[in-house]
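Asker: Next up, target.cif (mmCIF, C-alpha atoms).
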data_upload
loop_
_atom_site.label_atom_id
_atom_site.label_comp_id
_atom_site.auth_asym_id
_atom_site.auth_seq_id
_atom_site.Cartn_x
_atom_site.Cartn_y
_atom_site.Cartn_z
CA MET A 1377 0.00 0.00 0.00
CA SER A 1378 1.30 3.46 -0.89
CA LYS A 1379 2.05 6.02 1.80
CA THR A 1380 -0.61 8.34 0.39
CA LYS A 1381 -3.32 5.69 0.45
CA ASN A 1382 -2.31 4.67 3.96
CA PHE A 1383 -2.54 8.29 5.11
CA LEU A 1384 -5.95 8.83 3.48
CA LEU A 1385 -7.33 5.62 4.96
CA GLY A 1386 -5.94 6.81 8.29
CA ILE A 1387 -7.85 10.09 7.95
CA ALA A 1388 -11.04 8.14 7.22
CA ALA A 1389 -10.47 5.99 10.30
CA GLY A 1390 -9.88 9.01 12.52
CA ALA A 1391 -13.08 10.63 11.27
CA SER A 1392 -15.00 7.37 11.83
CA ILE A 1393 -13.89 7.13 15.45
CA ALA A 1394 -14.78 10.80 15.87
CA LEU A 1395 -18.28 10.05 14.56
CA GLY A 1396 -18.67 7.44 17.29
CA GLY A 1397 -17.50 10.03 19.81
CA LEU A 1398 -20.05 12.56 18.54
CA LEU A 1399 -22.89 10.05 18.86
CA ASN A 1400 -21.72 9.35 22.41
CA ILE A 1401 -21.74 13.07 23.26
CA ILE A 1402 -25.19 13.75 21.76
CA VAL A 1403 -26.85 10.83 23.57
CA LYS A 1404 -25.22 11.72 26.90
CA THR A 1405 -26.35 15.32 26.44
CA TYR A 1406 -30.03 14.66 25.86
CA ILE A 1407 -30.49 11.67 28.16
CA SER A 1408 -29.34 13.14 31.43
CA GLY A 1409 -30.66 14.00 34.87
CA ASP A 1410 -32.35 11.13 36.70
CA VAL A 1411 -31.85 8.82 33.70
CA SER A 1412 -28.24 9.79 32.98
CA ILE A 1413 -27.16 6.18 33.49
CA ILE A 1414 -29.31 5.26 30.47
CA GLY A 1415 -27.67 8.00 28.44
CA LYS A 1416 -24.26 6.72 29.43
CA LEU A 1417 -25.20 3.17 28.44
CA LEU A 1418 -26.73 4.18 25.10
CA GLY A 1419 -23.87 6.55 24.31
CA SER A 1420 -21.38 3.77 24.97
CA ALA A 1421 -23.43 1.40 22.81
CA LEU A 1422 -23.39 3.82 19.86
CA PHE A 1423 -19.69 4.65 20.00
CA PRO A 1424 -18.72 1.32 18.33
CA VAL A 1425 -20.33 2.58 15.10
CA GLY A 1426 -16.95 4.19 14.47
CA LEU A 1427 -14.94 0.97 14.66
CA CYS A 1428 -17.58 -0.90 12.67
CA LEU A 1429 -17.06 1.60 9.85
CA VAL A 1430 -13.29 1.19 10.13
CA CYS A 1431 -13.39 -2.60 10.01
CA PHE A 1432 -16.07 -3.12 7.38
CA LEU A 1433 -14.78 -0.41 5.03
CA GLY A 1434 -11.10 -1.27 5.45
CA PHE A 1435 -9.88 2.01 6.94
CA ASN A 1436 -6.52 2.17 8.75
CA LEU A 1437 -6.79 2.70 12.50
CA PHE A 1438 -3.56 2.78 14.49
CA THR A 1439 -5.08 1.18 17.59
CA GLY A 1440 -6.61 -1.57 15.47
CA LYS A 1441 -3.29 -2.42 13.79
CA ILE A 1442 -0.66 -1.90 16.50
CA GLY A 1443 -1.56 -5.12 18.34
CA PHE A 1444 -0.45 -7.16 15.34
CA ALA A 1445 2.76 -5.19 14.78
CA LEU A 1446 5.11 -7.90 16.07
CA ASP A 1447 3.55 -10.37 13.63
CA LYS A 1448 4.77 -8.27 10.72
CA LYS A 1449 8.18 -9.13 9.29
CA ASN A 1450 8.33 -5.97 7.20
CA GLU A 1451 11.00 -3.62 8.55
CA LYS A 1452 9.07 -0.66 7.09
CA TYR A 1453 5.93 -1.43 9.14
CA PRO A 1454 6.80 1.06 11.93
CA LEU A 1455 6.76 3.82 9.31
CA THR A 1456 3.42 2.51 8.05
CA LEU A 1457 2.03 2.75 11.58
CA LEU A 1458 3.37 6.27 12.02
CA ILE A 1459 1.76 7.47 8.79
CA MET A 1460 -1.46 5.77 9.86
CA TYR A 1461 -1.33 7.49 13.26
CA LEU A 1462 -0.80 10.90 11.65
CA GLY A 1463 -3.76 10.22 9.36
CA ASN A 1464 -5.90 9.30 12.36
CA PHE A 1465 -4.84 12.54 14.03
CA VAL A 1466 -5.80 14.63 11.01
CA GLY A 1467 -9.16 12.87 10.61
CA ALA A 1468 -10.12 13.09 14.28
CA VAL A 1469 -8.99 16.69 14.73
CA LEU A 1470 -10.60 17.84 11.49
CA PHE A 1471 -13.90 16.19 12.45
CA GLY A 1472 -13.66 17.64 15.96
CA SER A 1473 -12.93 21.13 14.65
CA ILE A 1474 -15.94 20.96 12.33
CA CYS A 1475 -18.09 19.83 15.26
CA PHE A 1476 -16.83 22.82 17.26
CA LEU A 1477 -17.89 25.21 14.49
CA ILE A 1478 -21.31 23.57 14.24
CA PHE A 1479 -22.09 23.02 17.92
CA ARG A 1480 -20.21 25.77 19.76
CA ASN A 1481 -23.47 27.70 20.18
CA VAL A 1482 -25.47 24.59 21.02
CA GLU A 1483 -24.79 24.92 24.71
CA PRO A 1484 -25.79 21.46 26.01
CA ILE A 1485 -23.76 19.54 23.43
CA TYR A 1486 -20.70 21.77 23.67
CA THR A 1487 -20.80 21.64 27.46
CA THR A 1488 -20.81 17.84 27.40
CA ALA A 1489 -17.84 17.78 25.00
CA LYS A 1490 -15.95 20.26 27.18
CA THR A 1491 -16.67 18.24 30.31
CA ILE A 1492 -15.37 15.02 28.74
CA ALA A 1493 -12.19 16.74 27.55
CA VAL A 1494 -11.50 18.46 30.88
CA ASN A 1495 -12.09 15.28 32.88
CA LYS A 1496 -9.49 13.43 30.80
CA THR A 1497 -6.75 15.80 31.95
CA ALA A 1498 -8.04 16.70 35.41
CA THR A 1499 -5.92 14.28 37.44
CA LEU A 1500 -2.71 14.21 35.41
CA ASN A 1501 -0.95 16.54 37.84
CA THR A 1502 -0.59 13.66 40.29
CA ALA A 1503 1.33 10.37 40.08
CA GLU A 1504 -1.85 8.47 40.93
CA GLY A 1505 -3.69 10.21 38.11
CA ILE A 1506 -0.96 9.33 35.61
CA PHE A 1507 -0.97 5.70 36.74
CA THR A 1508 -4.76 5.52 36.50
CA ASN A 1509 -4.74 7.09 33.04
CA LEU A 1510 -2.07 4.71 31.75
CA GLY A 1511 -3.80 1.70 33.29
CA GLY A 1512 -7.09 2.60 31.64
CA ALA A 1513 -5.34 3.12 28.31
CA LEU A 1514 -3.72 -0.32 28.60
CA LEU A 1515 -7.10 -1.95 29.19
CA CYS A 1516 -8.53 0.06 26.32
CA GLY A 1517 -5.81 -1.35 24.07
CA VAL A 1518 -6.73 -4.87 25.17
CA LEU A 1519 -10.40 -4.27 24.41
CA VAL A 1520 -9.77 -2.68 21.00
CA TYR A 1521 -7.50 -5.59 20.06
CA THR A 1522 -10.22 -8.00 21.20
CA ALA A 1523 -12.81 -6.22 19.05
CA VAL A 1524 -10.61 -6.37 15.95
CA PHE A 1525 -9.71 -10.00 16.69
CA PHE A 1526 -13.40 -10.94 16.84
CA PHE A 1527 -14.03 -9.09 13.58
CA LYS A 1528 -11.29 -11.10 11.90
CA LYS A 1529 -12.38 -14.45 13.34
CA PHE A 1530 -16.16 -14.29 13.04
CA LYS A 1531 -17.66 -14.99 9.62
CA HIS A 1532 -21.23 -13.74 9.97
CA PRO A 1533 -21.67 -9.94 9.74
CA VAL A 1534 -23.97 -9.86 12.78
CA LEU A 1535 -21.40 -11.70 14.89
CA LYS A 1536 -18.73 -9.31 13.63
CA VAL A 1537 -20.81 -6.32 14.79
CA VAL A 1538 -21.47 -7.92 18.18
CA GLY A 1539 -17.80 -8.85 18.52
CA ILE A 1540 -16.80 -5.25 17.90
CA SER A 1541 -19.55 -3.61 19.92
CA ILE A 1542 -19.23 -5.32 23.30
CA PRO A 1543 -15.51 -4.61 23.97
CA ILE A 1544 -15.70 -1.07 22.58
CA ALA A 1545 -18.87 -0.14 24.47
CA LEU A 1546 -17.23 -1.49 27.63
CA PHE A 1547 -14.14 0.72 27.42
CA VAL A 1548 -16.26 3.78 26.63
CA TYR A 1549 -18.60 3.11 29.55
CA LEU A 1550 -15.67 2.64 31.93
CA GLY A 1551 -14.04 5.85 30.71
CA PHE A 1552 -10.77 4.35 29.46
CA ASP A 1553 -8.62 6.56 27.23
CA HIS A 1554 -8.43 5.89 23.50
CA CYS A 1555 -5.83 8.09 21.82
CA VAL A 1556 -7.77 8.75 18.60
CA ALA A 1557 -11.05 9.37 20.39
CA ASN A 1558 -9.28 11.81 22.71
CA MET A 1559 -7.88 13.70 19.71
CA PHE A 1560 -11.50 14.25 18.69
CA TYR A 1561 -12.74 15.22 22.16
CA PHE A 1562 -9.92 17.73 22.67
CA SER A 1563 -10.38 19.37 19.27
CA PHE A 1564 -14.17 19.51 19.68
CA ALA A 1565 -13.85 21.16 23.07
CA LEU A 1566 -10.93 23.33 21.91
CA ASN A 1567 -9.20 22.59 25.17
CA ASP A 1568 -6.05 24.68 25.63
CA LEU A 1569 -3.01 22.90 24.22
CA SER A 1570 -1.52 22.38 27.66
CA PRO A 1571 1.17 19.93 28.80
CA TRP A 1572 -1.58 17.86 30.41
CA LEU A 1573 -3.39 17.44 27.09
CA ILE A 1574 -0.20 16.36 25.39
CA LEU A 1575 0.62 14.03 28.28
CA ASN A 1576 -2.82 12.46 28.02
CA LEU A 1577 -2.31 11.68 24.33
CA VAL A 1578 1.18 10.30 24.98
CA LEU A 1579 -0.06 8.04 27.78
CA ALA A 1580 -3.13 6.98 25.81
CA THR A 1581 -1.04 6.11 22.74
CA LEU A 1582 1.52 4.22 24.83
CA GLY A 1583 -1.11 2.40 26.87
CA ASN A 1584 -3.28 1.48 23.88
CA SER A 1585 -0.20 0.15 22.06
CA LEU A 1586 1.23 -1.88 24.93
CA GLY A 1587 -2.15 -3.31 25.89
CA ALA A 1588 -2.88 -4.50 22.35
CA ILE A 1589 0.60 -5.91 21.77
CA ALA A 1590 0.62 -7.69 25.13
CA VAL A 1591 -2.71 -9.46 24.65
CA ASN A 1592 -1.68 -10.52 21.14
CA GLU A 1593 1.56 -12.04 22.42
CA PHE A 1594 -0.04 -13.75 25.43
CA THR A 1595 -2.87 -15.29 23.42
CA LYS A 1596 -0.82 -16.58 20.49
CA PRO A 1597 -0.50 -20.11 21.96
CA LEU A 1598 -4.29 -20.25 22.33
CA THR A 1599 -5.09 -19.13 18.78
CA LYS A 1600 -2.70 -21.35 16.84
#
Show me, as structure tokens, the structure contained in the file I just sent.

Answerer:
Amino acid sequence: MSKTKNFLLGIAAGASIALGGLLNIIVKTYISGDVSIIGKLLGSALFPVGLCLVCFLGFNLFTGKIGFALDKKNEKYPLTLLIMYLGNFVGAVLFGSICFLIFRNVEPIYTTAKTIAVNKTATLNTAEGIFTNLGGALLCGVLVYTAVFFFKKFKHPVLKVVGISIPIALFVYLGFDHCVANMFYFSFALNDLSPWLILNLVLATLGNSLGAIAVNEFTKPLTK
């Protein structure tokens, strides 16, 4: 695959994940108050739409590919992943910026987006917060890998959707950090480009990567 095609498919993947994030925000916004738990559940259940688009349409998502990186014998694959990651960044940030322009005056939706973004950096000024963030990102990486693994293994489209949806909805509900989703949330909320925002993305990228790679390596004997 050419570098240009890889980058463009990365942009499409970033935008797809951002779409899932937008659906999550809208549902959480309008199902709140005494039934906020329902909004949280439904928002989490709709977020996987993004990864379904990625998997079924063949887009290139960094967090969906990194778990299989050690299986690749191509010495150029790290560059492929980097280009993919940059494409994801462009797609997620572009989608988030467009959402900001559209929804910045729609107070409930923008407030929800801002709250999500702020909460993701709120505790990073403590060692405990950093550890919690990294741990959640690791588990997110495990769950994303699991979703992609199920998509690859299941044959029936319905089973593929279910296999994607359960792990992804779980990490969203539990509030784990996904690096591409966070790129969207931060750009939508136009959070200040602070060291904490950058640290969040670094930790999320590292955690997502290590979690996915680890579960792939540990489960290899079981899948042969």

Asker: Nearest to Ile1393 of chain A among A:Asn1495, A:Thr1522, A:Ser1378, A:Asn1558, with distances taken over only C-alpha atoms: which residue is it?

Answerer: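 Nearest to Ile1393 of chain A: A:Asn1558.
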
Asker: What is the distance, in Å and to one decimal place, between atom CA of Ser1420 of chain A and atom CA of Ala1557 of chain A?

Answerer: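 Going from atom CA of Ser1420 of chain A over to atom CA of Ala1557 of chain A covers 12.6 Å.
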
Asker: Apply the PyMOL selection byres ((chain A and resi 1426) around 12) to the displayed file and report the matching residues as a compact mmCIF listing (two decimals) with C-alpha atoms, in the coordinates of the input.

Answerer:
# COMPACT_ATOMS: atom_id res chain seq x y z
CA ALA A 1388 -11.04 8.14 7.22
CA ALA A 1389 -10.47 5.99 10.30
CA GLY A 1390 -9.88 9.01 12.52
CA ALA A 1391 -13.08 10.63 11.27
CA SER A 1392 -15.00 7.37 11.83
CA ILE A 1393 -13.89 7.13 15.45
CA ALA A 1394 -14.78 10.80 15.87
CA LEU A 1395 -18.28 10.05 14.56
CA GLY A 1396 -18.67 7.44 17.29
CA GLY A 1397 -17.50 10.03 19.81
CA LEU A 1398 -20.05 12.56 18.54
CA LEU A 1399 -22.89 10.05 18.86
CA ASN A 1400 -21.72 9.35 22.41
CA SER A 1420 -21.38 3.77 24.97
CA ALA A 1421 -23.43 1.40 22.81
CA LEU A 1422 -23.39 3.82 19.86
CA PHE A 1423 -19.69 4.65 20.00
CA PRO A 1424 -18.72 1.32 18.33
CA VAL A 1425 -20.33 2.58 15.10
CA LEU A 1427 -14.94 0.97 14.66
CA CYS A 1428 -17.58 -0.90 12.67
CA LEU A 1429 -17.06 1.60 9.85
CA VAL A 1430 -13.29 1.19 10.13
CA CYS A 1431 -13.39 -2.60 10.01
CA PHE A 1432 -16.07 -3.12 7.38
CA LEU A 1433 -14.78 -0.41 5.03
CA PHE A 1435 -9.88 2.01 6.94
CA LEU A 1437 -6.79 2.70 12.50
CA GLY A 1440 -6.61 -1.57 15.47
CA ALA A 1468 -10.12 13.09 14.28
CA VAL A 1520 -9.77 -2.68 21.00
CA VAL A 1537 -20.81 -6.32 14.79
CA ILE A 1540 -16.80 -5.25 17.90
CA SER A 1541 -19.55 -3.61 19.92
CA ILE A 1544 -15.70 -1.07 22.58
CA ALA A 1545 -18.87 -0.14 24.47
CA VAL A 1556 -7.77 8.75 18.60
CA ALA A 1557 -11.05 9.37 20.39

Asker: Neighbouring residues of Lys1441 of chain A were defined as those with any atom within 9 Å, considering only C-alpha atoms; residues of the same chain fewer than 3 positions away were excluded. Please report them as JSON, numbers by chain.

Answerer: {"A": [1436, 1437, 1438, 1444, 1445, 1457, 1521, 1524, 1588]}

Asker: If you apply the PyMOL selection byres ((chain A and resi 1552) around 6) to this file, what residues do you get, as a short mmCIF file (atom, residue, chain, number, x, y, z; two decimals) with C-alpha atoms, in the coordinates of the input?

Answerer:
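So selection-v6.cif came out as:
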data_model
loop_
_atom_site.label_atom_id
_atom_site.label_comp_id
_atom_site.auth_asym_id
_atom_site.auth_seq_id
_atom_site.Cartn_x
_atom_site.Cartn_y
_atom_site.Cartn_z
CA GLY A 1512 -7.09 2.60 31.64
CA ALA A 1513 -5.34 3.12 28.31
CA CYS A 1516 -8.53 0.06 26.32
CA PHE A 1547 -14.14 0.72 27.42
CA LEU A 1550 -15.67 2.64 31.93
CA GLY A 1551 -14.04 5.85 30.71
CA ASP A 1553 -8.62 6.56 27.23
#

Asker: May I ask which of the residues A:Phe1594, A:Tyr1453, A:Phe1465, A:Phe1525 is the closest one to Phe1560 of chain A, counting all atoms listed in the file?

Answerer: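 Nearest candidate to Phe1560 of chain A out of A:Phe1594, A:Tyr1453, A:Phe1465, A:Phe1525: A:Phe1465.
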
Asker: One decimal, in Å: what's the spacing between atom CA of Pro1543 of chain A and atom CA of Ala1503 of chain A?

Answerer: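 So the two atoms, atom CA of Pro1543 of chain A and atom CA of Ala1503 of chain A, lie 27.7 Å apart.
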
Asker: Could you tell me which of A:Leu1510, A:Ala1565, A:Ala1523, A:Val1518 comes closest to Thr1581 of chain A if we count only C-alpha atoms?

Answerer: A:Leu1510

Asker: Excluding Val1578 of chain A and any residue of its chain fewer than 5 positions from it, enumerate the residues within 10 Å of it, using only C-alpha atoms, and give them as a list in words.

Answerer: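 Near Val1578 of chain A, the qualifying residues are Leu1510, Cys1555, Trp1572, Leu1573, Gly1583 and Asn1584 of chain A.
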
Asker: Mind telling me what the PyMOL selection byres ((chain A and resi 1563) around 6) catches here, as a ChimeraX atom specification?

Answerer: /A:1469,1472-1473,1560-1562,1564-1566

Asker: Kindly export the residues of the current selection with C-alpha atoms, as a short mmCIF file (atom, residue, chain, number, x, y, z; two decimals), in the coordinates of the input.

Answerer:
data_model
loop_
_atom_site.label_atom_id
_atom_site.label_comp_id
_atom_site.auth_asym_id
_atom_site.auth_seq_id
_atom_site.Cartn_x
_atom_site.Cartn_y
_atom_site.Cartn_z
CA VAL A 1469 -8.99 16.69 14.73
CA GLY A 1472 -13.66 17.64 15.96
CA SER A 1473 -12.93 21.13 14.65
CA PHE A 1560 -11.50 14.25 18.69
CA TYR A 1561 -12.74 15.22 22.16
CA PHE A 1562 -9.92 17.73 22.67
CA PHE A 1564 -14.17 19.51 19.68
CA ALA A 1565 -13.85 21.16 23.07
CA LEU A 1566 -10.93 23.33 21.91
#

Asker: Please, what distance in Å, to one decimal, runs between atom CA of Glu1593 of chain A and atom CA of Leu1515 of chain A?

Answerer: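 Pair atom CA of Glu1593 of chain A / atom CA of Leu1515 of chain A returns 14.9 Å.
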
Asker: With distances taken over all atoms listed in the file, which of A:Leu1535, A:Leu1519, A:Met1559, A:Ala1498 is nearest to Leu1577 of chain A?

Answerer: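 Of all the options, A:Met1559 lies closest to Leu1577 of chain A.
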
Asker: Mind checking which residues fall within 8 Å of segment 1403-1406 of chain A, counting only C-alpha atoms, ignoring those fewer than 4 positions away in the same chain, and posting them as a count of residues only?

Answerer: 9

Asker: Which residue out of A:Asn1450, A:Phe1471, A:Leu1546, A:Leu1514 has the minimum interatomic distance to Val1591 of chain A when all atoms listed in the file are used?

Answerer: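 Using all atoms listed in the file, Val1591 of chain A sits closest to A:Leu1514.
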
Asker: Can you work out which one of A:Leu1446, A:Val1466, A:Phe1527, A:Val1534 has the shortest atom-to-atom distance to Ala1590 of chain A, counting all atoms listed in the file?

Answerer: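 Selected residue with least distance to Ala1590 of chain A: A:Leu1446.
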